[in-house]
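A.B. asks: Structure below; questions to follow.
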Amino acid sequence: MTTRLRAALGRFLEAAVVGITAALAILVVVGVASRKAGYSLVWYDEVAAILLAWLTYYGAALAALRRAHIGMPNLVQRAPRRMRLALAIVRETAIVGFFGLAAWMGLKLLSALGGTFLVSLPWLPAAIVYSAVPVGAALFIIAEVLAAIEGWKQGEAA
């Protein structure tokens, strides 16, 4: 069950990361070309920063799913056998706790933004843009938990 969930989440995150990266690359090329042509896009910088934030959160979740993100795996693996499970539990608790706090603070940020809109794109609600924080943190937690379950099944902390 967790293997299928992990694979589905992996496909989703890969598609999201590729899509966001492609959009960011196209945006940068268009922005540079428009500046070179003497016509600067007023929304370019803000949208590029937003895409970079989304890419960071989705990419971090993908890295967590692949066990390639924070977590000090070498420390756990090099610890004496009796300490590995305890260290792995502490590691997972710290990671999930941090991103849980990030998600909670992200939700508080969204409520504080209320009905505000972006400066350069006044039709775009700021809450949609900054939802990257709680959504990305939640995706990271899900990815971390799924990867940890699979790792423990394979004896990673044994």
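Letters for chains follow the order of the structure tokens (A, B, ...), residue numbers begin at 1 for each chain, and ligand numbers begin at 1 in the order shown.
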Give the helix (DSSP H, G or I) residues of chain A, as DSSP finds them on the backbone, and put them as a PyMOL selection string.
C.D. replies: chain A and resi 2-36+44-65+73-78+81-113+126-130+132-153
A.B. asks: Write a file of the just-selected residues containing C-alpha atoms, as a compact mmCIF listing (two decimals), in the first residue's frame.
C.D. replies:
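The file below, out.txt, is the result:
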# COMPACT_ATOMS: atom_id res chain seq x y z
CA THR A 2 2.66 2.54 0.97
CA THR A 3 4.73 1.53 -2.05
CA ARG A 4 1.90 2.47 -4.41
CA LEU A 5 1.20 5.72 -2.55
CA ARG A 6 4.89 6.59 -2.64
CA ALA A 7 5.09 5.86 -6.38
CA ALA A 8 1.99 7.96 -7.11
CA LEU A 9 3.27 10.85 -5.01
CA GLY A 10 6.63 10.54 -6.75
CA ARG A 11 5.04 10.79 -10.19
CA PHE A 12 2.99 13.81 -9.09
CA LEU A 13 6.00 15.58 -7.58
CA GLU A 14 8.21 14.80 -10.57
CA ALA A 15 5.60 16.22 -12.95
CA ALA A 16 5.15 19.30 -10.75
CA VAL A 17 8.90 19.91 -10.47
CA VAL A 18 9.43 19.47 -14.22
CA GLY A 19 6.46 21.72 -15.00
CA ILE A 20 7.51 24.45 -12.59
CA THR A 21 11.13 24.27 -13.80
CA ALA A 22 10.01 24.54 -17.42
CA ALA A 23 7.73 27.48 -16.61
CA LEU A 24 10.53 29.21 -14.72
CA ALA A 25 13.01 28.64 -17.56
CA ILE A 26 10.56 30.00 -20.14
CA LEU A 27 9.76 32.97 -17.93
CA VAL A 28 13.44 33.81 -17.49
CA VAL A 29 14.07 33.61 -21.24
CA VAL A 30 11.03 35.79 -21.97
CA GLY A 31 12.04 38.24 -19.25
CA VAL A 32 15.59 38.56 -20.53
CA ALA A 33 14.45 38.84 -24.15
CA SER A 34 11.89 41.51 -23.28
CA ARG A 35 14.49 43.54 -21.38
CA LYS A 36 16.93 43.20 -24.26
CA TYR A 44 8.49 39.17 -14.33
CA ASP A 45 10.52 39.37 -11.08
CA GLU A 46 7.59 38.66 -8.79
CA VAL A 47 6.37 35.66 -10.77
CA ALA A 48 9.92 34.25 -11.06
CA ALA A 49 10.34 34.49 -7.28
CA ILE A 50 6.98 32.79 -6.74
CA LEU A 51 7.86 29.95 -9.12
CA LEU A 52 11.20 29.52 -7.38
CA ALA A 53 9.46 29.22 -4.01
CA TRP A 54 7.04 26.59 -5.36
CA LEU A 55 9.94 24.75 -6.99
CA THR A 56 11.83 24.76 -3.70
CA TYR A 57 8.95 23.24 -1.71
CA TYR A 58 7.95 20.66 -4.32
CA GLY A 59 11.59 19.77 -4.99
CA ALA A 60 12.23 19.34 -1.28
CA ALA A 61 9.25 17.00 -0.98
CA LEU A 62 10.53 14.99 -3.95
CA ALA A 63 13.98 14.80 -2.35
CA ALA A 64 12.41 13.64 0.92
CA LEU A 65 10.48 10.95 -0.92
CA PRO A 73 21.30 9.01 7.17
CA ASN A 74 25.03 8.40 7.61
CA LEU A 75 24.80 9.29 11.30
CA VAL A 76 22.00 6.76 11.80
CA GLN A 77 23.72 4.05 9.74
CA ARG A 78 27.06 4.49 11.53
CA ARG A 81 22.87 -1.21 15.94
CA ARG A 82 21.00 -0.74 19.25
CA MET A 83 20.84 3.04 18.78
CA ARG A 84 19.73 3.13 15.13
CA LEU A 85 16.00 2.80 15.68
CA ALA A 86 16.02 5.43 18.43
CA LEU A 87 18.05 7.83 16.26
CA ALA A 88 15.78 7.19 13.29
CA ILE A 89 12.71 7.97 15.40
CA VAL A 90 14.31 11.16 16.74
CA ARG A 91 15.28 12.14 13.18
CA GLU A 92 11.78 11.57 11.80
CA THR A 93 10.16 13.35 14.75
CA ALA A 94 12.42 16.37 14.30
CA ILE A 95 11.82 16.56 10.54
CA VAL A 96 8.06 16.08 10.75
CA GLY A 97 7.90 18.49 13.69
CA PHE A 98 9.79 21.18 11.80
CA PHE A 99 7.66 20.89 8.69
CA GLY A 100 4.51 20.65 10.81
CA LEU A 101 5.48 23.97 12.36
CA ALA A 102 6.19 25.37 8.88
CA ALA A 103 2.76 24.23 7.68
CA TRP A 104 1.06 25.74 10.73
CA MET A 105 2.90 29.05 10.31
CA GLY A 106 2.08 28.97 6.60
CA LEU A 107 -1.61 28.67 7.42
CA LYS A 108 -1.28 31.59 9.82
CA LEU A 109 0.41 33.55 7.01
CA LEU A 110 -2.50 32.80 4.68
CA SER A 111 -5.03 34.02 7.22
CA ALA A 112 -2.97 37.18 7.78
CA LEU A 113 -2.89 37.89 4.05
CA ALA A 126 -1.58 36.55 -2.41
CA ALA A 127 -3.06 33.57 -0.53
CA ILE A 128 -2.79 31.41 -3.67
CA VAL A 129 0.83 32.38 -4.12
CA TYR A 130 1.88 31.87 -0.51
CA ALA A 132 3.25 27.11 -1.30
CA VAL A 133 4.36 27.17 2.33
CA PRO A 134 1.63 25.03 3.97
CA VAL A 135 1.03 22.89 0.88
CA GLY A 136 4.75 22.27 0.37
CA ALA A 137 5.29 21.51 4.05
CA ALA A 138 2.37 19.07 4.06
CA LEU A 139 3.72 17.36 0.93
CA PHE A 140 7.12 17.12 2.60
CA ILE A 141 5.61 15.50 5.70
CA ILE A 142 3.67 12.98 3.61
CA ALA A 143 6.76 12.19 1.52
CA GLU A 144 8.97 11.86 4.60
CA VAL A 145 6.55 9.53 6.38
CA LEU A 146 6.05 7.33 3.31
CA ALA A 147 9.80 7.13 2.70
CA ALA A 148 10.45 6.36 6.36
CA ILE A 149 7.89 3.55 6.38
CA GLU A 150 9.44 2.03 3.26
CA GLY A 151 12.93 2.46 4.70
CA TRP A 152 11.99 0.78 7.96
CA LYS A 153 10.37 -2.07 6.07
A.B. asks: What's the 7 Å shell around Leu121 (chain A), counting only C-alpha atoms, without same-chain residues fewer than 3 positions away, as a PyMOL selection string?
C.D. replies: chain A and resi 43+118+124
A.B. asks: Would you work out the distance separating CA of Ser40 (chain A) from CA of Pro125 (chain A), expressed in Å to one decimal?
C.D. replies: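 Going from CA of Ser40 (chain A) over to CA of Pro125 (chain A) covers 22.9 Å.
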